[in-house]
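Next comes data38.cif, with mmCIF, C-alpha atoms.
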data_model
#
loop_
_atom_site.group_PDB
_atom_site.id
_atom_site.type_symbol
_atom_site.label_atom_id
_atom_site.label_comp_id
_atom_site.auth_asym_id
_atom_site.auth_seq_id
_atom_site.Cartn_x
_atom_site.Cartn_y
_atom_site.Cartn_z
ATOM 1 C CA MET A 1 113.773 -132.963 44.532
ATOM 2 C CA MET A 2 117.380 -133.454 45.568
ATOM 3 C CA ASP A 3 119.170 -131.524 48.232
ATOM 4 C CA ASN A 4 122.649 -132.630 47.177
ATOM 5 C CA LYS A 5 124.202 -132.522 43.747
ATOM 6 C CA ILE A 6 125.238 -135.784 42.149
ATOM 7 C CA LYS A 7 128.940 -135.621 41.427
ATOM 8 C CA SER A 8 129.792 -139.255 40.910
ATOM 9 C CA LEU A 9 128.347 -142.679 40.166
ATOM 10 C CA LYS A 10 128.681 -143.429 43.877
ATOM 11 C CA ASP A 11 126.408 -140.478 44.700
ATOM 12 C CA LEU A 12 123.877 -141.723 42.162
ATOM 13 C CA GLU A 13 123.913 -145.239 43.610
ATOM 14 C CA ALA A 14 123.460 -143.819 47.113
ATOM 15 C CA LEU A 15 120.494 -141.772 45.946
ATOM 16 C CA LYS A 16 118.982 -144.835 44.272
ATOM 17 C CA ARG A 17 119.334 -146.896 47.451
ATOM 18 C CA LYS A 18 117.779 -144.099 49.509
ATOM 19 C CA ALA A 19 114.869 -143.662 47.097
ATOM 20 C CA ARG A 20 114.211 -147.414 47.021
ATOM 21 C CA GLY A 21 114.097 -147.480 50.799
ATOM 22 C CA GLU A 22 111.614 -144.639 50.821
ATOM 23 C CA VAL A 23 109.460 -146.325 48.220
ATOM 24 C CA ASN A 24 109.326 -149.456 50.300
ATOM 25 C CA LEU A 25 107.933 -147.622 53.312
ATOM 26 C CA ARG A 26 104.693 -146.869 51.525
ATOM 27 C CA SER A 27 104.428 -149.546 48.861
ATOM 28 C CA ASP A 28 102.055 -152.514 48.956
ATOM 29 C CA GLU A 29 104.798 -155.057 48.460
ATOM 30 C CA GLU A 30 104.496 -158.165 50.550
ATOM 31 C CA GLY A 31 107.085 -158.725 53.224
ATOM 32 C CA LYS A 32 107.835 -157.065 56.519
ATOM 33 C CA LYS A 33 105.039 -154.803 57.703
ATOM 34 C CA VAL A 34 104.817 -152.493 60.699
ATOM 35 C CA THR A 35 101.334 -151.318 61.637
ATOM 36 C CA VAL A 36 100.897 -148.495 64.141
ATOM 37 C CA HIS A 37 97.670 -148.385 66.151
ATOM 38 C CA LEU A 38 96.261 -144.916 65.567
ATOM 39 C CA GLY A 39 92.975 -145.144 67.451
ATOM 40 C CA THR A 40 91.979 -142.310 69.780
ATOM 41 C CA CYS A 41 93.631 -144.103 72.704
ATOM 42 C CA GLY A 42 96.849 -144.684 70.759
ATOM 43 C CA ILE A 43 97.085 -141.110 69.528
ATOM 44 C CA ALA A 44 96.455 -139.729 73.014
ATOM 45 C CA ALA A 45 99.187 -142.021 74.373
ATOM 46 C CA GLY A 46 101.823 -140.918 71.824
ATOM 47 C CA ALA A 47 101.355 -143.109 68.736
ATOM 48 C CA ARG A 48 102.186 -140.258 66.356
ATOM 49 C CA ASP A 49 105.637 -139.895 67.928
ATOM 50 C CA VAL A 50 106.116 -143.659 67.602
ATOM 51 C CA LEU A 51 105.236 -143.407 63.911
ATOM 52 C CA ALA A 52 107.616 -140.459 63.435
ATOM 53 C CA CYS A 53 110.403 -142.495 65.061
ATOM 54 C CA LEU A 54 109.601 -145.467 62.800
ATOM 55 C CA MET A 55 109.817 -143.261 59.708
ATOM 56 C CA ASP A 56 113.189 -141.910 60.824
ATOM 57 C CA GLU A 57 114.628 -145.312 61.721
ATOM 58 C CA LEU A 58 113.404 -147.100 58.595
ATOM 59 C CA THR A 59 114.725 -144.338 56.366
ATOM 60 C CA LYS A 60 118.176 -145.058 57.788
ATOM 61 C CA THR A 61 117.997 -148.651 56.546
ATOM 62 C CA PRO A 62 116.978 -148.331 52.889
ATOM 63 C CA GLN A 63 118.153 -151.825 52.058
ATOM 64 C CA THR A 64 115.374 -153.319 54.198
ATOM 65 C CA LYS A 65 111.921 -153.608 52.654
ATOM 66 C CA VAL A 66 109.348 -152.556 55.225
ATOM 67 C CA VAL A 67 105.774 -151.410 54.684
ATOM 68 C CA LEU A 68 104.304 -148.913 57.161
ATOM 69 C CA ARG A 69 100.574 -148.943 57.787
ATOM 70 C CA GLN A 70 98.063 -147.662 60.318
ATOM 71 C CA THR A 71 95.168 -149.310 62.065
ATOM 72 C CA GLY A 72 92.737 -148.404 64.818
ATOM 73 C CA CYS A 73 92.228 -149.413 68.426
ATOM 74 C CA ALA A 74 92.909 -153.086 69.153
ATOM 75 C CA GLY A 75 90.942 -153.018 72.405
ATOM 76 C CA LEU A 76 94.052 -152.977 74.591
ATOM 77 C CA CYS A 77 94.017 -149.251 75.348
ATOM 78 C CA ASP A 78 96.146 -149.590 78.486
ATOM 79 C CA GLN A 79 98.977 -150.971 76.329
ATOM 80 C CA GLU A 80 99.090 -147.974 73.951
ATOM 81 C CA PRO A 81 101.058 -146.777 72.092
ATOM 82 C CA MET A 82 101.208 -150.095 70.267
ATOM 83 C CA LEU A 83 102.505 -151.486 66.998
ATOM 84 C CA THR A 84 102.063 -154.811 65.283
ATOM 85 C CA TYR A 85 105.017 -156.219 63.389
ATOM 86 C CA CYS A 86 104.315 -158.828 60.724
ATOM 87 C CA ASP A 87 107.458 -160.637 59.637
ATOM 88 C CA GLU A 88 108.162 -162.166 56.237
ATOM 89 C CA SER A 89 106.541 -165.475 57.231
ATOM 90 C CA GLY A 90 103.330 -163.650 58.170
ATOM 91 C CA LYS A 91 103.733 -164.123 61.927
ATOM 92 C CA GLN A 92 102.465 -161.192 63.967
ATOM 93 C CA PHE A 93 104.050 -159.662 67.051
ATOM 94 C CA VAL A 94 102.266 -157.002 69.096
ATOM 95 C CA TYR A 95 104.424 -154.524 71.004
ATOM 96 C CA GLY A 96 103.001 -152.170 73.617
ATOM 97 C CA LYS A 97 103.720 -149.241 75.936
ATOM 98 C CA LEU A 98 106.184 -147.938 73.384
ATOM 99 C CA ASP A 99 108.510 -144.957 73.379
ATOM 100 C CA LYS A 100 111.239 -143.874 70.977
ATOM 101 C CA ASN A 101 113.960 -145.974 72.582
ATOM 102 C CA LYS A 102 111.823 -149.107 72.504
ATOM 103 C CA VAL A 103 110.946 -148.491 68.855
ATOM 104 C CA LYS A 104 114.640 -148.183 67.973
ATOM 105 C CA ARG A 105 115.377 -151.467 69.719
ATOM 106 C CA ILE A 106 112.473 -153.251 68.018
ATOM 107 C CA ILE A 107 113.698 -152.047 64.631
ATOM 108 C CA GLN A 108 117.285 -153.057 65.293
ATOM 109 C CA GLU A 109 116.675 -156.372 67.041
ATOM 110 C CA HIS A 110 113.505 -157.678 65.430
ATOM 111 C CA VAL A 111 112.838 -155.983 62.090
ATOM 112 C CA LEU A 112 116.509 -155.984 61.080
ATOM 113 C CA GLY A 113 117.910 -158.672 63.379
ATOM 114 C CA GLY A 114 115.055 -161.171 63.268
ATOM 115 C CA LYS A 115 114.932 -161.665 67.037
ATOM 116 C CA PRO A 116 111.829 -160.432 68.908
ATOM 117 C CA ALA A 117 112.387 -157.842 71.658
ATOM 118 C CA ALA A 118 110.554 -160.096 74.099
ATOM 119 C CA GLU A 119 110.299 -157.682 77.029
ATOM 120 C CA TYR A 120 108.166 -155.253 75.015
ATOM 121 C CA LEU A 121 105.745 -157.823 73.601
ATOM 122 C CA VAL A 122 102.148 -157.542 74.730
ATOM 123 C CA THR A 123 101.029 -160.681 76.487
ATOM 124 C CA THR A 124 97.354 -161.262 77.142
ATOM 125 C CA MET B 1 94.446 -134.673 73.263
ATOM 126 C CA ARG B 2 97.067 -132.043 73.933
ATOM 127 C CA ASP B 3 96.748 -130.243 70.609
ATOM 128 C CA LEU B 4 94.479 -129.848 67.582
ATOM 129 C CA SER B 5 96.790 -131.695 65.209
ATOM 130 C CA LEU B 6 96.281 -134.879 67.270
ATOM 131 C CA HIS B 7 92.511 -134.433 67.025
ATOM 132 C CA ILE B 8 92.942 -134.032 63.264
ATOM 133 C CA LEU B 9 94.965 -137.263 63.069
ATOM 134 C CA ASP B 10 92.237 -139.044 65.025
ATOM 135 C CA LEU B 11 89.455 -137.698 62.800
ATOM 136 C CA ILE B 12 91.331 -138.621 59.613
ATOM 137 C CA GLU B 13 91.735 -142.135 61.040
ATOM 138 C CA ASN B 14 87.939 -142.214 61.501
ATOM 139 C CA SER B 15 87.497 -141.298 57.828
ATOM 140 C CA VAL B 16 89.995 -143.918 56.647
ATOM 141 C CA ARG B 17 88.371 -146.588 58.783
ATOM 142 C CA ALA B 18 84.968 -145.621 57.403
ATOM 143 C CA GLY B 19 86.292 -146.371 53.918
ATOM 144 C CA ALA B 20 86.878 -142.857 52.594
ATOM 145 C CA SER B 21 89.253 -142.535 49.642
ATOM 146 C CA THR B 22 89.364 -138.721 49.740
ATOM 147 C CA VAL B 23 89.926 -136.594 52.834
ATOM 148 C CA PHE B 24 90.068 -132.813 52.982
ATOM 149 C CA VAL B 25 91.577 -130.953 55.950
ATOM 150 C CA ALA B 26 91.203 -127.192 56.324
ATOM 151 C CA ILE B 27 92.682 -124.772 58.837
ATOM 152 C CA ASP B 28 91.059 -121.370 58.445
ATOM 153 C CA GLU B 29 92.088 -118.506 60.666
ATOM 154 C CA SER B 30 90.151 -115.262 60.715
ATOM 155 C CA PRO B 31 91.944 -112.639 62.797
ATOM 156 C CA ALA B 32 89.137 -110.160 62.100
ATOM 157 C CA GLU B 33 86.592 -112.444 63.735
ATOM 158 C CA GLY B 34 89.104 -113.883 66.165
ATOM 159 C CA THR B 35 88.315 -117.430 65.106
ATOM 160 C CA LEU B 36 90.199 -120.572 64.119
ATOM 161 C CA LYS B 37 88.196 -123.136 62.168
ATOM 162 C CA VAL B 38 89.265 -126.754 61.750
ATOM 163 C CA THR B 39 87.406 -128.853 59.175
ATOM 164 C CA ILE B 40 87.849 -132.506 58.222
ATOM 165 C CA GLU B 41 85.721 -133.759 55.327
ATOM 166 C CA ASP B 42 85.590 -137.073 53.509
ATOM 167 C CA ASN B 43 83.797 -139.007 50.807
ATOM 168 C CA GLY B 44 82.933 -141.898 53.111
ATOM 169 C CA PRO B 45 79.469 -143.207 53.901
ATOM 170 C CA GLY B 46 78.572 -140.294 56.210
ATOM 171 C CA LEU B 47 76.501 -140.637 59.358
ATOM 172 C CA SER B 48 73.996 -143.405 59.863
ATOM 173 C CA VAL B 49 72.786 -141.813 63.108
ATOM 174 C CA THR B 50 71.970 -138.294 64.307
ATOM 175 C CA PRO B 51 74.912 -135.886 64.873
ATOM 176 C CA GLU B 52 74.114 -135.853 68.593
ATOM 177 C CA GLN B 53 74.391 -139.628 68.788
ATOM 178 C CA ALA B 54 77.625 -139.686 66.735
ATOM 179 C CA ALA B 55 79.336 -137.263 69.118
ATOM 180 C CA ASP B 56 78.159 -139.188 72.178
ATOM 181 C CA PRO B 57 81.286 -140.745 73.802
ATOM 182 C CA PHE B 58 79.253 -143.841 74.617
ATOM 183 C CA TYR B 59 78.191 -144.464 71.045
ATOM 184 C CA THR B 60 80.367 -146.364 68.568
ATOM 185 C CA THR B 61 79.915 -148.357 65.381
ATOM 186 C CA LYS B 62 82.843 -150.625 66.224
ATOM 187 C CA PRO B 63 81.783 -154.103 67.299
ATOM 188 C CA GLY B 64 83.005 -155.131 70.728
ATOM 189 C CA LYS B 65 83.524 -151.575 71.972
ATOM 190 C CA LYS B 66 81.381 -149.480 74.258
ATOM 191 C CA THR B 67 82.916 -146.067 73.634
ATOM 192 C CA GLY B 68 83.727 -143.842 70.674
ATOM 193 C CA LEU B 69 85.695 -140.978 72.139
ATOM 194 C CA GLY B 70 87.241 -139.221 69.124
ATOM 195 C CA LEU B 71 84.374 -136.935 68.113
ATOM 196 C CA GLY B 72 83.414 -136.335 71.740
ATOM 197 C CA PHE B 73 86.963 -135.288 72.643
ATOM 198 C CA PHE B 74 87.130 -132.908 69.677
ATOM 199 C CA ARG B 75 83.767 -131.387 70.569
ATOM 200 C CA ALA B 76 84.944 -130.923 74.175
ATOM 201 C CA SER B 77 88.126 -129.158 73.018
ATOM 202 C CA VAL B 78 86.162 -126.900 70.665
ATOM 203 C CA GLU B 79 83.537 -125.994 73.224
ATOM 204 C CA ALA B 80 86.153 -125.401 75.917
ATOM 205 C CA ALA B 81 87.575 -122.704 73.619
ATOM 206 C CA GLY B 82 84.228 -120.915 73.407
ATOM 207 C CA GLY B 83 83.592 -122.512 70.059
ATOM 208 C CA ALA B 84 80.960 -124.310 68.038
ATOM 209 C CA PHE B 85 81.123 -127.938 66.920
ATOM 210 C CA MET B 86 79.186 -129.184 63.937
ATOM 211 C CA LEU B 87 78.696 -132.397 61.964
ATOM 212 C CA ARG B 88 77.211 -131.966 58.498
ATOM 213 C CA ARG B 89 77.120 -133.561 55.079
ATOM 214 C CA SER B 90 80.322 -132.898 53.147
ATOM 215 C CA ARG B 91 80.392 -131.596 49.600
ATOM 216 C CA LEU B 92 82.636 -134.655 48.996
ATOM 217 C CA GLY B 93 79.621 -136.842 49.783
ATOM 218 C CA GLY B 94 80.585 -138.083 53.241
ATOM 219 C CA LEU B 95 80.884 -136.461 56.631
ATOM 220 C CA ALA B 96 82.238 -133.009 57.485
ATOM 221 C CA VAL B 97 83.444 -132.381 61.040
ATOM 222 C CA GLU B 98 83.862 -128.726 61.855
ATOM 223 C CA GLY B 99 85.049 -126.858 64.915
ATOM 224 C CA VAL B 100 85.188 -123.073 65.157
ATOM 225 C CA MET B 101 87.161 -121.800 68.138
ATOM 226 C CA GLN B 102 88.056 -118.422 69.584
ATOM 227 C CA ILE B 103 91.740 -117.983 68.784
ATOM 228 C CA GLY B 104 92.589 -116.057 71.935
ATOM 229 C CA HIS B 105 90.512 -118.150 74.338
ATOM 230 C CA VAL B 106 92.549 -119.150 77.356
ATOM 231 C CA ASP B 107 91.443 -122.772 77.008
ATOM 232 C CA ARG B 108 92.076 -123.136 73.278
ATOM 233 C CA ILE B 109 94.589 -125.911 72.798
ATOM 234 C CA PRO B 110 97.431 -125.153 70.337
ATOM 235 C CA LEU B 111 97.428 -126.272 66.729
ATOM 236 C CA GLY B 112 100.458 -128.496 67.336
ATOM 237 C CA ASP B 113 102.521 -130.257 64.686
ATOM 238 C CA LEU B 114 100.102 -130.309 61.747
ATOM 239 C CA ALA B 115 102.921 -131.193 59.333
ATOM 240 C CA LEU B 116 103.737 -134.362 61.296
ATOM 241 C CA THR B 117 100.067 -135.338 61.444
ATOM 242 C CA ILE B 118 99.636 -134.999 57.699
ATOM 243 C CA SER B 119 102.936 -136.701 56.826
ATOM 244 C CA SER B 120 102.006 -139.579 59.165
ATOM 245 C CA VAL B 121 98.780 -140.093 57.224
ATOM 246 C CA VAL B 122 100.552 -139.781 53.859
ATOM 247 C CA CYS B 123 103.170 -142.323 54.899
ATOM 248 C CA THR B 124 100.715 -144.978 56.067
ATOM 249 C CA ASN B 125 97.953 -144.416 53.476
ATOM 250 C CA PRO B 126 99.628 -144.160 50.058
ATOM 251 C CA LYS B 127 96.339 -144.575 48.181
ATOM 252 C CA LEU B 128 94.457 -141.879 50.107
ATOM 253 C CA ASP B 129 93.655 -138.696 48.188
ATOM 254 C CA LEU B 130 94.493 -136.210 50.940
ATOM 255 C CA ARG B 131 94.075 -132.468 50.417
ATOM 256 C CA CYS B 132 94.831 -129.617 52.788
ATOM 257 C CA ARG B 133 93.969 -125.949 52.853
ATOM 258 C CA ILE B 134 95.555 -123.429 55.158
ATOM 259 C CA SER B 135 94.036 -119.976 55.052
ATOM 260 C CA ALA B 136 94.457 -116.762 57.001
ATOM 261 C CA ASN B 137 94.049 -113.057 56.323
ATOM 262 C CA GLY B 138 92.391 -113.718 52.987
ATOM 263 C CA LYS B 139 95.334 -115.728 51.657
ATOM 264 C CA GLU B 140 95.463 -119.474 51.342
ATOM 265 C CA HIS B 141 97.735 -122.402 50.541
ATOM 266 C CA ASN B 142 96.360 -125.594 49.022
ATOM 267 C CA ILE B 143 98.382 -128.787 49.204
ATOM 268 C CA ALA B 144 97.161 -131.955 47.477
ATOM 269 C CA VAL B 145 99.232 -135.069 48.107
ATOM 270 C CA SER B 146 98.477 -136.437 44.629
ATOM 271 C CA GLU B 147 99.801 -133.239 43.025
ATOM 272 C CA VAL B 148 102.938 -133.289 45.156
ATOM 273 C CA ALA B 149 103.471 -136.953 44.204
ATOM 274 C CA GLU B 150 103.195 -136.032 40.511
ATOM 275 C CA GLU B 151 106.319 -133.905 40.906
ATOM 276 C CA PHE B 152 108.340 -137.027 41.642
ATOM 277 C CA PRO B 153 109.467 -139.681 39.172
ATOM 278 C CA ALA B 154 106.987 -142.571 39.040
ATOM 279 C CA PRO B 155 109.016 -145.033 41.178
ATOM 280 C CA GLU B 156 109.181 -142.492 44.009
ATOM 281 C CA ARG B 157 105.514 -141.494 44.074
ATOM 282 C CA ASP B 158 104.634 -143.887 46.865
ATOM 283 C CA GLY B 159 107.816 -143.032 48.719
ATOM 284 C CA LEU B 160 108.445 -141.364 52.018
ATOM 285 C CA ALA B 161 109.969 -138.481 50.073
ATOM 286 C CA VAL B 162 106.421 -137.415 49.148
ATOM 287 C CA ALA B 163 105.392 -137.382 52.808
ATOM 288 C CA ARG B 164 108.456 -135.327 53.643
ATOM 289 C CA CYS B 165 107.741 -132.849 50.839
ATOM 290 C CA VAL B 166 104.097 -132.465 51.936
ATOM 291 C CA SER B 167 105.318 -131.851 55.475
ATOM 292 C CA GLN B 168 107.670 -129.100 54.310
ATOM 293 C CA ARG B 169 104.927 -127.397 52.300
ATOM 294 C CA ILE B 170 102.548 -127.398 55.230
ATOM 295 C CA LYS B 171 105.218 -125.885 57.458
ATOM 296 C CA ALA B 172 105.950 -123.271 54.795
ATOM 297 C CA GLY B 173 102.230 -122.498 54.386
ATOM 298 C CA LEU B 174 101.683 -122.071 58.113
ATOM 299 C CA ALA B 175 104.745 -119.833 58.378
ATOM 300 C CA ASP B 176 103.827 -117.761 55.327
ATOM 301 C CA LEU B 177 100.351 -117.050 56.638
ATOM 302 C CA SER B 178 101.539 -116.623 60.238
ATOM 303 C CA VAL B 179 98.850 -118.998 61.449
ATOM 304 C CA SER B 180 98.500 -118.915 65.239
ATOM 305 C CA GLU B 181 100.150 -121.687 67.206
#
Translate this file's structure into structure tokens.
Amino acid sequence: MMDNKIKSLKDLEALKRKARGEVNLRSDEEGKKVTVHLGTCGIAAGARDVLACLMDELTKTPQTKVVLRQTGCAGLCDQEPMLTYCDESGKQFVYGKLDKNKVKRIIQEHVLGGKPAAEYLVTT
Amino acid sequence: MRDLSLHILDLIENSVRAGASTVFVAIDESPAEGTLKVTIEDNGPGLSVTPEQAADPFYTTKPGKKTGLGLGFFRASVEAAGGAFMLRRSRLGGLAVEGVMQIGHVDRIPLGDLALTISSVVCTNPKLDLRCRISANGKEHNIAVSEVAEEFPAPERDGLAVARCVSQRIKAGLADLSVSE
């Protein structure tokens, strides 16, 4: 299932890295986990587009192990679309009122950079 | 919901939350009858209440909530398109949600991005046995995620590549059968 032919060892290594990244998105390995809230409220607010953006962004960073999961409504419907990020230590961060640009920043700054994007965190 | 594919995502989420391990999604278009049928079936526990109660927006099984809008929204979309909504026992053992709409009805919402809906579910539920059927004009395409995954080497079977491949096949199936938007 390859679009490009492998012409060198470098190509093979690149394919391996890409495949490993893709595996990590769906595997049950422990570590970083992003959960998208796909309740009725979340879906109506745009959660599927958030998930599509997450898939695109995480595919670009195959070296980072991240598990993608879905969950339902968290009871904060006015904050949808939402995601919960669980870092390697198990600490959870809930982000709300998301769009594609916010998702990109959360991936870059928090998931990859380790620093929460504080202005998008849901505070109750 | 602005399109049917979002309803489908919502109804699959209901099945997953109910504990189903197998979900079947069917899009059946009948130009002769002028109908578009959307079916979501699962092998979950099925209904513990009457179909009328289940589709009531103010009924839910979730603790701490007062509304359960998903089925009610889907029923409203189906009925707005001159259609019929039905909840019945699935041949898989759980619940079957079915909506038959008039294709050309002015208030029928579009099918939307079915491929993205299905790939979203595949990506976030690697253990779910998800099967799809797209049929129109007497022809049909069947796509089973487990069969698509089998085409990949073992280490890649839980990978996003499977979701992407399923997405492409759904797009190809819809295009091949010229299913209405």
Checklist entry - Applied to the shown file, which residues does the PyMOL selection byres ((chain A and resi 71-76) around 12) return, written as number ranges by chain? => result A: 34-45, 47, 51, 68-70, 77-84, 94-97, 122-124; B: 9-18, 62-70, 121, 124-125
Item to check | Shell around Asp176 (chain B) at 10 Å using all atoms listed in the file, local window under 2 positions removed, as a list in words | outcome: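 Contacts, in chain order: Ala136, Lys139, Glu140, His141, Ile170, Lys171, Ala172, Gly173, Leu174, Ser178 and Val179 of chain B.
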Create the file for the chosen residues now, containing C-alpha atoms and written as a PDB file, keeping the file's coordinate frame.
ATOM      1  CA  ALA B 136      94.457-116.762  57.001  1.00  0.00           C
ATOM      2  CA  LYS B 139      95.334-115.728  51.657  1.00  0.00           C
ATOM      3  CA  GLU B 140      95.463-119.474  51.342  1.00  0.00           C
ATOM      4  CA  HIS B 141      97.735-122.402  50.541  1.00  0.00           C
ATOM      5  CA  ILE B 170     102.548-127.398  55.230  1.00  0.00           C
ATOM      6  CA  LYS B 171     105.218-125.885  57.458  1.00  0.00           C
ATOM      7  CA  ALA B 172     105.950-123.271  54.795  1.00  0.00           C
ATOM      8  CA  GLY B 173     102.230-122.498  54.386  1.00  0.00           C
ATOM      9  CA  LEU B 174     101.683-122.071  58.113  1.00  0.00           C
ATOM     10  CA  SER B 178     101.539-116.623  60.238  1.00  0.00           C
ATOM     11  CA  VAL B 179      98.850-118.998  61.449  1.00  0.00           C
TER      12      VAL B 179
END
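Of the listed residues B:Ala175, B:Met101, B:Leu87, B:Ala161, the one whose atoms come nearest to chain A is B:Ala161, with distances taken using all atoms listed in the file.
Of the listed residues B:Val97, B:Met1, B:Val38, B:Val148, the one whose atoms come nearest to chain A is B:Met1, with distances taken using only C-alpha atoms.
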Item to check | Reference answer for the PyMOL selection byres ((chain A and resi 103) around 10), as number ranges by chain | outcome: A: 50-51, 53-54, 57, 82-83, 95-96, 98-102, 104-109, 117, 120
Checklist entry - Of the candidates A:Asp56, A:Glu119, A:Glu88, A:Asp11, which shows the shortest atom-to-atom distance to chain B, using all atoms listed in the file? => result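 Checking each candidate against chain B, we get A:Asp56 as the closest.
Across the structure, CA of Lys33 (chain A) and CA of Leu121 (chain A) are spaced 16.2 Å apart.
Against this structure, the PyMOL selection byres ((chain B and resi 138) around 10) ends up with Asp28, Glu29, Ser30, Pro31, Ser135, Ala136, Asn137, Lys139, Glu140 and Leu177 of chain B.
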Item to check | Who sits within 9 Å of Gly19 (chain B), all atoms listed in the file, same chain under 5 positions skipped, as a PyMOL selection string | outcome: chain B and resi 14+43-45
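Coordinates place CA of Cys132 (chain B) at a distance of 11.2 Å from CA of Ser146 (chain B).
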Next on the checklist: I'd like the interatomic distance between CA of Gly83 (chain B) and CA of Leu128 (chain B), to a tenth of an Å.
Outcome noted: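 These atoms are spaced 29.9 Å apart.
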Checklist entry - Of the candidates B:Leu36, B:Leu116, B:Ala81, B:Met86, which one gets nearest to chain A if we count only C-alpha atoms? => result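 Checking each candidate against chain A, we get B:Leu116 as the closest.
Nearest residue to chain B among A:Leu112, A:Leu58, A:Ala118, A:Cys86 is A:Leu58, counting only C-alpha atoms.
Excluding Lys5 (chain A) itself and same-chain residues fewer than 6 positions from it, the residues having an atom within 12 Å of it are A:Asp11, A:Leu12, A:Ala14, A:Leu15, counting all atoms listed in the file.
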Residues within 6 Å of Leu95 (chain B), please, as an mmCIF file with C-alpha atoms, in the frame of the given file. Count all atoms listed in the file; anything in the same chain fewer than 2 positions from it doesn't count.
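Written file, out.cif:
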data_model
loop_
_atom_site.group_PDB
_atom_site.id
_atom_site.type_symbol
_atom_site.label_atom_id
_atom_site.label_comp_id
_atom_site.auth_asym_id
_atom_site.auth_seq_id
_atom_site.Cartn_x
_atom_site.Cartn_y
_atom_site.Cartn_z
ATOM 1 C CA GLU B 41 85.721 -133.759 55.327
ATOM 2 C CA ASP B 42 85.590 -137.073 53.509
ATOM 3 C CA GLY B 46 78.572 -140.294 56.210
ATOM 4 C CA ARG B 89 77.120 -133.561 55.079
ATOM 5 C CA SER B 90 80.322 -132.898 53.147
#
